[in-house]
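Engineer: Below you'll find coords_11.pdb; it's PDB, C-alpha atoms and all ligand atoms.
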```
MODEL        1
ATOM      1  CA  MET A   1     104.450  95.271 122.586  1.00  0.00           C
ATOM      2  CA  HIS A   2     104.044  98.875 121.483  1.00  0.00           C
ATOM      3  CA  PHE A   3     102.681 100.384 118.275  1.00  0.00           C
ATOM      4  CA  ASP A   4     102.955 104.003 117.208  1.00  0.00           C
ATOM      5  CA  ILE A   5     100.779 104.930 114.240  1.00  0.00           C
ATOM      6  CA  ILE A   6     101.149 108.136 112.252  1.00  0.00           C
ATOM      7  CA  SER A   7      97.915 109.238 110.601  1.00  0.00           C
ATOM      8  CA  CYS A   8      96.343 112.363 109.170  1.00  0.00           C
ATOM      9  CA  GLN A   9      92.894 110.883 109.961  1.00  0.00           C
ATOM     10  CA  PRO A  10      93.380 109.594 113.522  1.00  0.00           C
ATOM     11  CA  GLY A  11      89.622 109.358 114.108  1.00  0.00           C
ATOM     12  CA  LEU A  12      89.580 106.382 111.735  1.00  0.00           C
ATOM     13  CA  LEU A  13      91.638 104.448 114.268  1.00  0.00           C
ATOM     14  CA  GLU A  14      89.486 105.027 117.331  1.00  0.00           C
ATOM     15  CA  SER A  15      86.923 102.268 117.049  1.00  0.00           C
ATOM     16  CA  PRO A  16      89.077  99.308 115.929  1.00  0.00           C
ATOM     17  CA  PHE A  17      90.993  99.279 119.208  1.00  0.00           C
ATOM     18  CA  GLU A  18      88.047  99.913 121.534  1.00  0.00           C
ATOM     19  CA  HIS A  19      86.313  96.558 121.282  1.00  0.00           C
ATOM     20  CA  SER A  20      86.627  92.862 121.884  1.00  0.00           C
ATOM     21  CA  ILE A  21      90.096  91.280 121.861  1.00  0.00           C
ATOM     22  CA  MET A  22      91.958  94.530 121.109  1.00  0.00           C
ATOM     23  CA  LYS A  23      90.270  96.300 124.008  1.00  0.00           C
ATOM     24  CA  ARG A  24      91.108  93.434 126.359  1.00  0.00           C
ATOM     25  CA  ALA A  25      94.736  93.265 125.236  1.00  0.00           C
ATOM     26  CA  ILE A  26      95.179  96.992 125.882  1.00  0.00           C
ATOM     27  CA  LYS A  27      93.477  96.747 129.278  1.00  0.00           C
ATOM     28  CA  LYS A  28      95.723  93.839 130.270  1.00  0.00           C
ATOM     29  CA  GLU A  29      98.712  95.962 129.145  1.00  0.00           C
ATOM     30  CA  LEU A  30      99.840  93.286 126.723  1.00  0.00           C
ATOM     31  CA  VAL A  31      99.865  95.887 124.016  1.00  0.00           C
ATOM     32  CA  SER A  32      99.899  99.682 123.853  1.00  0.00           C
ATOM     33  CA  ILE A  33      98.979 101.846 120.882  1.00  0.00           C
ATOM     34  CA  ASP A  34      99.568 105.560 120.362  1.00  0.00           C
ATOM     35  CA  VAL A  35      98.042 107.244 117.344  1.00  0.00           C
ATOM     36  CA  HIS A  36      99.840 110.447 116.321  1.00  0.00           C
ATOM     37  CA  ASP A  37      97.957 113.128 114.453  1.00  0.00           C
ATOM     38  CA  LEU A  38     100.177 114.220 111.586  1.00  0.00           C
ATOM     39  CA  ARG A  39      98.244 117.481 111.408  1.00  0.00           C
ATOM     40  CA  ALA A  40     100.230 118.686 114.420  1.00  0.00           C
ATOM     41  CA  TYR A  41     103.291 118.679 112.131  1.00  0.00           C
ATOM     42  CA  GLY A  42     101.499 120.315 109.172  1.00  0.00           C
ATOM     43  CA  LYS A  43     103.093 123.290 107.415  1.00  0.00           C
ATOM     44  CA  GLY A  44     102.027 126.855 108.000  1.00  0.00           C
ATOM     45  CA  LYS A  45      98.871 128.376 109.324  1.00  0.00           C
ATOM     46  CA  HIS A  46      96.689 125.770 107.561  1.00  0.00           C
ATOM     47  CA  ARG A  47      98.756 122.847 108.797  1.00  0.00           C
ATOM     48  CA  GLN A  48      99.253 121.690 105.229  1.00  0.00           C
ATOM     49  CA  LEU A  49     100.092 118.003 104.769  1.00  0.00           C
ATOM     50  CA  ASP A  50      99.910 117.464 101.017  1.00  0.00           C
ATOM     51  CA  ASP A  51     100.973 119.168  97.828  1.00  0.00           C
ATOM     52  CA  TYR A  52     100.866 118.728  94.051  1.00  0.00           C
ATOM     53  CA  GLN A  53     103.172 116.121  92.607  1.00  0.00           C
ATOM     54  CA  TYR A  54     106.254 117.136  90.683  1.00  0.00           C
ATOM     55  CA  GLY A  55     105.958 116.315  87.015  1.00  0.00           C
ATOM     56  CA  GLY A  56     102.225 116.940  87.009  1.00  0.00           C
ATOM     57  CA  GLY A  57      99.392 114.439  87.130  1.00  0.00           C
ATOM     58  CA  SER A  58      96.301 114.048  89.234  1.00  0.00           C
ATOM     59  CA  GLY A  59      96.366 113.463  92.971  1.00  0.00           C
ATOM     60  CA  MET A  60      98.177 115.063  95.876  1.00  0.00           C
ATOM     61  CA  VAL A  61     101.229 113.690  97.653  1.00  0.00           C
ATOM     62  CA  MET A  62     101.914 113.684 101.404  1.00  0.00           C
ATOM     63  CA  MET A  63     104.738 116.124 102.008  1.00  0.00           C
ATOM     64  CA  VAL A  64     108.150 115.219 103.323  1.00  0.00           C
ATOM     65  CA  GLU A  65     108.464 117.836 106.123  1.00  0.00           C
ATOM     66  CA  PRO A  66     105.470 116.888 108.331  1.00  0.00           C
ATOM     67  CA  LEU A  67     106.234 113.174 108.101  1.00  0.00           C
ATOM     68  CA  SER A  68     109.930 113.673 108.739  1.00  0.00           C
ATOM     69  CA  GLY A  69     109.226 115.917 111.746  1.00  0.00           C
ATOM     70  CA  CYS A  70     106.830 113.408 113.283  1.00  0.00           C
ATOM     71  CA  ILE A  71     109.071 110.391 112.640  1.00  0.00           C
ATOM     72  CA  GLU A  72     112.147 112.177 114.047  1.00  0.00           C
ATOM     73  CA  ASP A  73     110.237 113.123 117.215  1.00  0.00           C
ATOM     74  CA  LEU A  74     109.068 109.560 117.736  1.00  0.00           C
ATOM     75  CA  LYS A  75     112.517 108.135 117.033  1.00  0.00           C
ATOM     76  CA  SER A  76     114.040 110.430 119.641  1.00  0.00           C
ATOM     77  CA  ASN A  77     111.873 108.715 122.283  1.00  0.00           C
ATOM     78  CA  ARG A  78     111.932 105.121 121.158  1.00  0.00           C
ATOM     79  CA  THR A  79     113.971 102.643 119.146  1.00  0.00           C
ATOM     80  CA  TYR A  80     111.885 100.880 116.525  1.00  0.00           C
ATOM     81  CA  ASP A  81     112.356  97.328 115.313  1.00  0.00           C
ATOM     82  CA  GLU A  82     110.653  98.313 112.070  1.00  0.00           C
ATOM     83  CA  ILE A  83     109.244 101.473 110.529  1.00  0.00           C
ATOM     84  CA  ILE A  84     106.464 100.220 108.318  1.00  0.00           C
ATOM     85  CA  TYR A  85     104.654 102.019 105.512  1.00  0.00           C
ATOM     86  CA  LEU A  86     101.273 100.496 104.627  1.00  0.00           C
ATOM     87  CA  THR A  87     101.110 100.630 100.829  1.00  0.00           C
ATOM     88  CA  PRO A  88      99.597  98.651  97.943  1.00  0.00           C
ATOM     89  CA  ASP A  89     103.077  98.141  96.457  1.00  0.00           C
ATOM     90  CA  GLY A  90     104.423  96.583  99.656  1.00  0.00           C
ATOM     91  CA  ARG A  91     105.151  93.007 100.655  1.00  0.00           C
ATOM     92  CA  PRO A  92     101.860  91.083 100.793  1.00  0.00           C
ATOM     93  CA  LEU A  93     100.755  90.535 104.374  1.00  0.00           C
ATOM     94  CA  ASN A  94     100.301  86.896 105.345  1.00  0.00           C
ATOM     95  CA  GLN A  95     100.271  84.859 108.543  1.00  0.00           C
ATOM     96  CA  SER A  96     103.976  84.126 108.361  1.00  0.00           C
ATOM     97  CA  LEU A  97     104.802  87.844 108.293  1.00  0.00           C
ATOM     98  CA  VAL A  98     102.303  88.520 111.096  1.00  0.00           C
ATOM     99  CA  ASN A  99     103.986  85.785 113.174  1.00  0.00           C
ATOM    100  CA  GLN A 100     107.431  87.299 112.543  1.00  0.00           C
ATOM    101  CA  LEU A 101     106.300  90.799 113.502  1.00  0.00           C
ATOM    102  CA  SER A 102     104.621  89.528 116.679  1.00  0.00           C
ATOM    103  CA  LEU A 103     108.134  88.827 118.041  1.00  0.00           C
ATOM    104  CA  LYS A 104     109.093  92.519 117.854  1.00  0.00           C
ATOM    105  CA  LYS A 105     108.837  95.056 120.675  1.00  0.00           C
ATOM    106  CA  ASN A 106     108.228  98.428 118.984  1.00  0.00           C
ATOM    107  CA  LEU A 107     106.699  99.066 115.588  1.00  0.00           C
ATOM    108  CA  LEU A 108     106.074 102.424 113.940  1.00  0.00           C
ATOM    109  CA  LEU A 109     103.328 102.314 111.299  1.00  0.00           C
ATOM    110  CA  ILE A 110     102.668 105.030 108.742  1.00  0.00           C
ATOM    111  CA  ALA A 111      99.273 105.404 107.100  1.00  0.00           C
ATOM    112  CA  GLY A 112      99.318 107.183 103.767  1.00  0.00           C
ATOM    113  CA  HIS A 113      96.600 109.105 101.915  1.00  0.00           C
ATOM    114  CA  TYR A 114      96.046 110.655  98.470  1.00  0.00           C
ATOM    115  CA  LYS A 115      98.654 109.344  95.973  1.00  0.00           C
ATOM    116  CA  GLY A 116     100.843 108.223  98.868  1.00  0.00           C
ATOM    117  CA  ILE A 117     103.847 109.671 100.683  1.00  0.00           C
ATOM    118  CA  ASP A 118     106.850 111.507  99.188  1.00  0.00           C
ATOM    119  CA  GLU A 119     109.303 108.824  98.066  1.00  0.00           C
ATOM    120  CA  ARG A 120     112.133 110.395 100.086  1.00  0.00           C
ATOM    121  CA  ILE A 121     110.391 109.371 103.311  1.00  0.00           C
ATOM    122  CA  ARG A 122     110.388 105.806 102.060  1.00  0.00           C
ATOM    123  CA  GLU A 123     114.064 105.980 101.115  1.00  0.00           C
ATOM    124  CA  GLN A 124     115.214 107.573 104.370  1.00  0.00           C
ATOM    125  CA  TYR A 125     113.050 106.030 107.093  1.00  0.00           C
ATOM    126  CA  ILE A 126     110.936 103.083 106.007  1.00  0.00           C
ATOM    127  CA  THR A 127     112.381  99.668 106.777  1.00  0.00           C
ATOM    128  CA  MET A 128     109.421  97.594 105.569  1.00  0.00           C
ATOM    129  CA  ASP A 129     106.520  98.175 103.148  1.00  0.00           C
ATOM    130  CA  ILE A 130     103.398  96.100 103.699  1.00  0.00           C
ATOM    131  CA  SER A 131     100.311  95.645 101.529  1.00  0.00           C
ATOM    132  CA  ILE A 132      97.132  94.061 102.873  1.00  0.00           C
ATOM    133  CA  GLY A 133      96.038  92.944  99.412  1.00  0.00           C
ATOM    134  CA  ASP A 134      95.866  93.667  95.717  1.00  0.00           C
ATOM    135  CA  TYR A 135      93.302  96.450  95.872  1.00  0.00           C
ATOM    136  CA  VAL A 136      93.519 100.130  96.718  1.00  0.00           C
ATOM    137  CA  LEU A 137      91.902 101.703  99.776  1.00  0.00           C
ATOM    138  CA  SER A 138      91.634 105.428 100.391  1.00  0.00           C
ATOM    139  CA  GLY A 139      93.971 105.494 103.370  1.00  0.00           C
ATOM    140  CA  GLY A 140      96.435 103.418 105.372  1.00  0.00           C
ATOM    141  CA  GLU A 141      94.495 103.508 108.657  1.00  0.00           C
ATOM    142  CA  LEU A 142      92.424 100.387 108.000  1.00  0.00           C
ATOM    143  CA  PRO A 143      95.495  98.457 106.776  1.00  0.00           C
ATOM    144  CA  ALA A 144      97.340  99.594 109.937  1.00  0.00           C
ATOM    145  CA  ALA A 145      94.430  98.391 112.086  1.00  0.00           C
ATOM    146  CA  VAL A 146      94.447  95.054 110.231  1.00  0.00           C
ATOM    147  CA  LEU A 147      98.146  94.619 110.952  1.00  0.00           C
ATOM    148  CA  VAL A 148      97.845  95.593 114.633  1.00  0.00           C
ATOM    149  CA  ASP A 149      94.884  93.257 115.145  1.00  0.00           C
ATOM    150  CA  GLY A 150      96.581  90.342 113.385  1.00  0.00           C
ATOM    151  CA  ILE A 151      99.693  90.721 115.519  1.00  0.00           C
ATOM    152  CA  THR A 152      97.928  91.399 118.818  1.00  0.00           C
ATOM    153  CA  ARG A 153      95.657  88.349 118.759  1.00  0.00           C
ATOM    154  CA  ILE A 154      98.639  85.990 118.691  1.00  0.00           C
ATOM    155  CA  LEU A 155     100.602  87.681 121.492  1.00  0.00           C
ATOM    156  CA  PRO A 156     100.926  85.453 124.577  1.00  0.00           C
ATOM    157  CA  GLY A 157      98.089  86.032 127.035  1.00  0.00           C
ATOM    158  CA  VAL A 158      95.777  87.856 124.639  1.00  0.00           C
ATOM    159  CA  LEU A 159      93.448  84.998 123.705  1.00  0.00           C
ATOM    160  CA  ASN A 160      91.886  83.113 126.605  1.00  0.00           C
ATOM    161  CA  ASP A 161      92.790  79.852 124.893  1.00  0.00           C
ATOM    162  CA  ALA A 162      96.254  80.244 123.394  1.00  0.00           C
ATOM    163  CA  THR A 163      95.869  77.108 121.283  1.00  0.00           C
ATOM    164  CA  SER A 164      92.923  78.635 119.433  1.00  0.00           C
ATOM    165  CA  ALA A 165      95.086  80.910 117.284  1.00  0.00           C
ATOM    166  CA  LEU A 166      97.321  77.982 116.382  1.00  0.00           C
ATOM    167  CA  SER A 167      94.399  76.077 114.889  1.00  0.00           C
ATOM    168  CA  ASP A 168      93.239  79.021 112.780  1.00  0.00           C
ATOM    169  CA  SER A 169      93.675  79.171 109.034  1.00  0.00           C
ATOM    170  CA  PHE A 170      97.165  79.728 107.583  1.00  0.00           C
ATOM    171  CA  GLN A 171      99.193  78.817 110.683  1.00  0.00           C
ATOM    172  CA  ASP A 172     100.141  75.529 109.030  1.00  0.00           C
ATOM    173  CA  ASN A 173      99.372  76.579 105.459  1.00  0.00           C
ATOM    174  CA  LEU A 174      95.938  74.974 105.736  1.00  0.00           C
ATOM    175  CA  LEU A 175      92.509  76.541 105.953  1.00  0.00           C
ATOM    176  CA  SER A 176      90.569  75.920 109.140  1.00  0.00           C
ATOM    177  CA  PRO A 177      88.124  72.971 109.199  1.00  0.00           C
ATOM    178  CA  PRO A 178      84.367  73.682 109.551  1.00  0.00           C
ATOM    179  CA  VAL A 179      83.089  74.431 113.063  1.00  0.00           C
ATOM    180  CA  TYR A 180      79.691  73.822 114.693  1.00  0.00           C
ATOM    181  CA  THR A 181      78.005  74.623 118.005  1.00  0.00           C
ATOM    182  CA  ARG A 182      74.732  73.762 119.735  1.00  0.00           C
ATOM    183  CA  PRO A 183      72.089  72.654 118.890  1.00  0.00           C
ATOM    184  CA  ALA A 184      73.186  69.369 117.345  1.00  0.00           C
ATOM    185  CA  GLU A 185      70.209  69.573 114.991  1.00  0.00           C
ATOM    186  CA  PHE A 186      68.372  72.599 113.606  1.00  0.00           C
ATOM    187  CA  LYS A 187      65.612  72.372 110.996  1.00  0.00           C
ATOM    188  CA  GLY A 188      66.891  68.884 110.244  1.00  0.00           C
ATOM    189  CA  TRP A 189      70.436  70.228 109.587  1.00  0.00           C
ATOM    190  CA  LYS A 190      72.740  67.962 111.528  1.00  0.00           C
ATOM    191  CA  VAL A 191      76.201  68.427 112.991  1.00  0.00           C
ATOM    192  CA  PRO A 192      78.580  65.716 111.656  1.00  0.00           C
ATOM    193  CA  GLU A 193      78.202  62.643 113.847  1.00  0.00           C
ATOM    194  CA  ILE A 194      81.938  62.345 114.482  1.00  0.00           C
ATOM    195  CA  LEU A 195      82.012  65.665 116.398  1.00  0.00           C
ATOM    196  CA  LEU A 196      79.489  64.267 118.898  1.00  0.00           C
ATOM    197  CA  SER A 197      81.372  60.984 119.351  1.00  0.00           C
ATOM    198  CA  GLY A 198      83.702  62.097 122.159  1.00  0.00           C
ATOM    199  CA  ASN A 199      86.539  60.280 120.345  1.00  0.00           C
ATOM    200  CA  ASP A 200      89.305  62.911 120.401  1.00  0.00           C
ATOM    201  CA  ARG A 201      91.646  61.041 118.058  1.00  0.00           C
ATOM    202  CA  ALA A 202      88.939  60.458 115.477  1.00  0.00           C
ATOM    203  CA  ILE A 203      87.834  64.094 115.734  1.00  0.00           C
ATOM    204  CA  ALA A 204      91.395  65.351 115.267  1.00  0.00           C
ATOM    205  CA  LYS A 205      91.779  63.108 112.201  1.00  0.00           C
ATOM    206  CA  TRP A 206      88.457  64.306 110.756  1.00  0.00           C
ATOM    207  CA  ARG A 207      89.458  67.947 111.275  1.00  0.00           C
ATOM    208  CA  GLN A 208      92.806  67.390 109.600  1.00  0.00           C
ATOM    209  CA  GLU A 209      91.119  65.748 106.608  1.00  0.00           C
ATOM    210  CA  GLN A 210      88.543  68.542 106.380  1.00  0.00           C
ATOM    211  CA  ALA A 211      91.248  71.202 106.565  1.00  0.00           C
ATOM    212  CA  LEU A 212      93.181  69.488 103.787  1.00  0.00           C
ATOM    213  CA  SER A 213      90.215  68.973 101.458  1.00  0.00           C
ATOM    214  CA  ARG A 214      88.972  72.523 102.049  1.00  0.00           C
ATOM    215  CA  THR A 215      92.439  73.871 101.236  1.00  0.00           C
ATOM    216  CA  GLN A 216      92.709  71.701  98.111  1.00  0.00           C
ATOM    217  CA  GLU A 217      89.339  72.960  96.956  1.00  0.00           C
ATOM    218  CA  ARG A 218      89.619  76.670  97.833  1.00  0.00           C
ATOM    219  CA  ARG A 219      93.303  77.552  98.129  1.00  0.00           C
ATOM    220  CA  PRO A 220      95.436  74.908  96.423  1.00  0.00           C
ATOM    221  CA  ASP A 221      98.229  77.512  96.199  1.00  0.00           C
ATOM    222  CA  LEU A 222      98.758  77.184  99.980  1.00  0.00           C
ATOM    223  CA  LEU A 223      99.725  73.538  99.625  1.00  0.00           C
ATOM    224  CA  ASP A 224     102.694  74.518  97.436  1.00  0.00           C
ATOM    225  CA  HIS A 225     104.197  76.160 100.540  1.00  0.00           C
ATOM    226  CA  MET A 226     103.555  73.248 102.925  1.00  0.00           C
ATOM    227  CA  ASP A 227     107.240  72.748 103.674  1.00  0.00           C
ATOM    228  CA  SER A 228     108.287  76.422 103.669  1.00  0.00           C
TER     229      SER A 228
HETATM  230  N1  LIG B 301      98.901 105.732  94.603  1.00  0.00           N
HETATM  231  C1  LIG B 301      98.952 104.556  95.417  1.00  0.00           C
HETATM  232  C2  LIG B 301      99.161 103.352  94.536  1.00  0.00           C
HETATM  233  O1  LIG B 301      98.609 103.304  93.451  1.00  0.00           O
HETATM  234  O2  LIG B 301      99.849 102.406  94.976  1.00  0.00           O
HETATM  235  C3  LIG B 301      97.669 104.371  96.200  1.00  0.00           C
HETATM  236  C4  LIG B 301      97.480 105.356  97.288  1.00  0.00           C
HETATM  237  S1  LIG B 301      96.090 104.984  98.290  1.00  0.00           S
HETATM  238  C5  LIG B 301      94.801 105.828  97.461  1.00  0.00           C
HETATM  239  C6  LIG B 301      96.337 105.949  99.734  1.00  0.00           C
HETATM  240  C7  LIG B 301      96.973 105.216 100.892  1.00  0.00           C
HETATM  241  O3  LIG B 301      96.150 104.151 101.303  1.00  0.00           O
HETATM  242  C8  LIG B 301      98.336 104.610 100.645  1.00  0.00           C
HETATM  243  O4  LIG B 301      99.354 105.541 100.796  1.00  0.00           O
HETATM  244  C9  LIG B 301      98.392 103.508 101.695  1.00  0.00           C
HETATM  245  O5  LIG B 301      98.870 104.003 102.947  1.00  0.00           O
HETATM  246  C10 LIG B 301      96.933 103.096 101.847  1.00  0.00           C
HETATM  247  N2  LIG B 301      96.584 101.849 101.148  1.00  0.00           N
HETATM  248  C11 LIG B 301      95.706 101.741 100.136  1.00  0.00           C
HETATM  249  N3  LIG B 301      95.587 100.483  99.745  1.00  0.00           N
HETATM  250  C12 LIG B 301      96.417  99.745 100.517  1.00  0.00           C
HETATM  251  C13 LIG B 301      96.742  98.349 100.572  1.00  0.00           C
HETATM  252  N4  LIG B 301      96.215  97.477  99.739  1.00  0.00           N
HETATM  253  N5  LIG B 301      97.613  97.949 101.518  1.00  0.00           N
HETATM  254  C14 LIG B 301      98.184  98.832 102.373  1.00  0.00           C
HETATM  255  N6  LIG B 301      97.911 100.171 102.353  1.00  0.00           N
HETATM  256  C15 LIG B 301      97.042 100.621 101.433  1.00  0.00           C
ENDMDL
END
```
What does the file become when written as structure tokens?
Structural biologist:
Amino acid sequence: MHFDIISCQPGLLESPFEHSIMKRAIKKELVSIDVHDLRAYGKGKHRQLDDYQYGGGSGMVMMVEPLSGCIEDLKSNRTYDEIIYLTPDGRPLNQSLVNQLSLKKNLLLIAGHYKGIDERIREQYITMDISIGDYVLSGGELPAAVLVDGITRILPGVLNDATSALSDSFQDNLLSPPVYTRPAEFKGWKVPEILLSGNDRAIAKWRQEQALSRTQERRPDLLDHMDS
């Protein structure tokens, strides 16, 4: 799977892909990521990317020409399944959307800054708007990294144990049950006896019950979508 990301702060996207599972996925060529510096498409001698908003008001807006130039160049080399703008007013990101996007081949992600991007870019090029939550960050790079990470970790071959991702929170609209590792006792704090029993059926049942009660307690809203 391939991601192109357009950013005016490409340095923000260096570290997230250079460690752990992301690093491994790139090395194994299960995923490739190209970050494109929008500055290269900036206007004039100062490579301008933003301008005052029409109608007045505080905050700059990312200009139409640099973004259009960059998107057109990328589109001339590749066909995208989706061109996604990361934005607080987008569709809320959840596991179901991550699962759907993991089936795609090529995604183009656009990270905004300032007040956001000129609306005409959204009208002409964007096929999907995604928000990573009801709060506002200063730029779209971290949301883009969140999306890329969420998708990459469920691609076949990325995790050593493919079943691990399936038992994570949200895959079945339940939160994950509690997990423990060695030692079985620390400062008198004990691991639940059942997990040491070796009885796989009983352990699976216990985990299911724990997942359900944890979801009821912390995220009862998820249970409303059990059949969706
Ligand atoms: N004026 C915008 C608004 O109120 O919706 C906020 C702009 S924000 C300061 C700058 C950029 O950060 C946005 O263009 C977007 O790319 C990114 N961003 C901020 N919060 C986000 C979120 N919750 N989800 C996705 N992207 C976000």
Engineer: List the residues selected by the PyMOL selection byres (((chain A and resi 177-192) around 12) and not hetatm) in the file shown, writing them as a PyMOL selection string.
Structural biologist: chain A and resi 167-170+174-176+193-197+203-215
Engineer: Counting only C-alpha atoms and all ligand atoms, what are the residues of chain A within 10 Å of ligand LIG 301 (chain B), and for each of them which pair of atoms is the nearest and at what distance in Å, to one decimal? Sort the table by chain and rising number, as CSV.
Structural biologist:
```
residue,atom,partner,partner_atom,distance
A:Ser7,CA,B:LIG301,O5,9.3
A:Gly59,CA,B:LIG301,N1,8.3
A:Met60,CA,B:LIG301,N1,9.4
A:Val61,CA,B:LIG301,N1,8.8
A:Met62,CA,B:LIG301,O4,8.6
A:Tyr85,CA,B:LIG301,O5,6.6
A:Leu86,CA,B:LIG301,N6,4.1
A:Thr87,CA,B:LIG301,N6,3.6
A:Pro88,CA,B:LIG301,C13,3.9
A:Asp89,CA,B:LIG301,O2,5.6
A:Gly90,CA,B:LIG301,C14,7.2
A:Arg91,CA,B:LIG301,N5,9.1
A:Pro92,CA,B:LIG301,N5,8.1
A:Leu93,CA,B:LIG301,N5,8.5
A:Leu109,CA,B:LIG301,O5,9.6
A:Ile110,CA,B:LIG301,O5,7.0
A:Ala111,CA,B:LIG301,O5,4.4
A:Gly112,CA,B:LIG301,O5,3.3
A:His113,CA,B:LIG301,C6,3.8
A:Tyr114,CA,B:LIG301,C6,4.9
A:Lys115,CA,B:LIG301,N1,3.9
A:Gly116,CA,B:LIG301,O4,3.6
A:Ile117,CA,B:LIG301,O4,6.1
A:Asp118,CA,B:LIG301,O4,9.7
A:Asp129,CA,B:LIG301,C14,8.4
A:Ile130,CA,B:LIG301,C14,6.0
A:Ser131,CA,B:LIG301,N5,3.5
A:Ile132,CA,B:LIG301,N5,4.1
A:Gly133,CA,B:LIG301,N4,4.5
A:Asp134,CA,B:LIG301,N4,5.6
A:Tyr135,CA,B:LIG301,N4,4.9
A:Val136,CA,B:LIG301,N3,3.7
A:Leu137,CA,B:LIG301,C11,3.8
A:Ser138,CA,B:LIG301,C5,4.3
A:Gly139,CA,B:LIG301,O3,3.3
A:Gly140,CA,B:LIG301,O5,3.5
A:Glu141,CA,B:LIG301,O5,7.2
A:Leu142,CA,B:LIG301,N6,7.9
A:Pro143,CA,B:LIG301,C14,5.2
A:Ala144,CA,B:LIG301,N6,7.6
A:Val146,CA,B:LIG301,C14,9.5
A:Leu147,CA,B:LIG301,C14,9.6
```
Engineer: Convert the output of the PyMOL selection byres (((chain A and resi 43) around 12) and not hetatm) on the shown file into explicit residues, formatted as a ChimeraX atom specification.
Structural biologist: /A:38-42,44-51,62-69
Engineer: Using CA of Ile26 (chain A) and CA of Met1 (chain A) as the two end points, give the distance in Å to one decimal.
Structural biologist: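 Going from CA of Ile26 (chain A) over to CA of Met1 (chain A), I get 10.0 Å.
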Engineer: Name the residues in contact with Phe3 (chain A) at a cut-off of 10 Å, using all atoms listed in the file, excluding same-chain residues fewer than 6 positions from it; report them as a VMD selection string.
Structural biologist: chain A and resid 31 to 35 80 105 to 109 144 148
Engineer: Using all atoms listed in the file for the distances, tell me which of A:Glu72, A:Glu217, A:Glu123, A:Asp4 is nearest to Asp37 (chain A).
Structural biologist: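 Among A:Glu72, A:Glu217, A:Glu123, A:Asp4, it is A:Asp4 that comes nearest to Asp37 (chain A).
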Engineer: Can you work out which one of A:Met226, A:Ala162, A:Ile83, A:Ile154 has the shortest atom-to-atom distance to Arg122 (chain A), counting all atoms listed in the file?
Structural biologist: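 The shortest atom-to-atom distance to Arg122 (chain A) comes from A:Ile83.
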Engineer: To one decimal place in Å, what is the distance between CA of Ile6 (chain A) and CA of Glu82 (chain A)?
Structural biologist: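 Taking CA of Ile6 (chain A) and CA of Glu82 (chain A), their separation equals 13.7 Å.
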Engineer: Using CA of Gln9 (chain A) and CA of Ala145 (chain A) as the two end points, give the distance in Å to one decimal.
Structural biologist: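 One can read the CA of Gln9 (chain A) to CA of Ala145 (chain A) distance as 12.8 Å.
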Engineer: To verify the selection step, state as a PDB file with C-alpha atoms, keeping the file's coordinate frame which residues the PyMOL selection byres (((chain A and resi 29) around 12) and not hetatm) yields on this input.
Structural biologist:
```
ATOM      1  CA  MET A   1     104.450  95.271 122.586  1.00  0.00           C
ATOM      2  CA  HIS A   2     104.044  98.875 121.483  1.00  0.00           C
ATOM      3  CA  MET A  22      91.958  94.530 121.109  1.00  0.00           C
ATOM      4  CA  LYS A  23      90.270  96.300 124.008  1.00  0.00           C
ATOM      5  CA  ARG A  24      91.108  93.434 126.359  1.00  0.00           C
ATOM      6  CA  ALA A  25      94.736  93.265 125.236  1.00  0.00           C
ATOM      7  CA  ILE A  26      95.179  96.992 125.882  1.00  0.00           C
ATOM      8  CA  LYS A  27      93.477  96.747 129.278  1.00  0.00           C
ATOM      9  CA  LYS A  28      95.723  93.839 130.270  1.00  0.00           C
ATOM     10  CA  LEU A  30      99.840  93.286 126.723  1.00  0.00           C
ATOM     11  CA  VAL A  31      99.865  95.887 124.016  1.00  0.00           C
ATOM     12  CA  SER A  32      99.899  99.682 123.853  1.00  0.00           C
ATOM     13  CA  ILE A  33      98.979 101.846 120.882  1.00  0.00           C
ATOM     14  CA  THR A 152      97.928  91.399 118.818  1.00  0.00           C
ATOM     15  CA  LEU A 155     100.602  87.681 121.492  1.00  0.00           C
ATOM     16  CA  PRO A 156     100.926  85.453 124.577  1.00  0.00           C
ATOM     17  CA  GLY A 157      98.089  86.032 127.035  1.00  0.00           C
ATOM     18  CA  VAL A 158      95.777  87.856 124.639  1.00  0.00           C
TER      19      VAL A 158
END
```
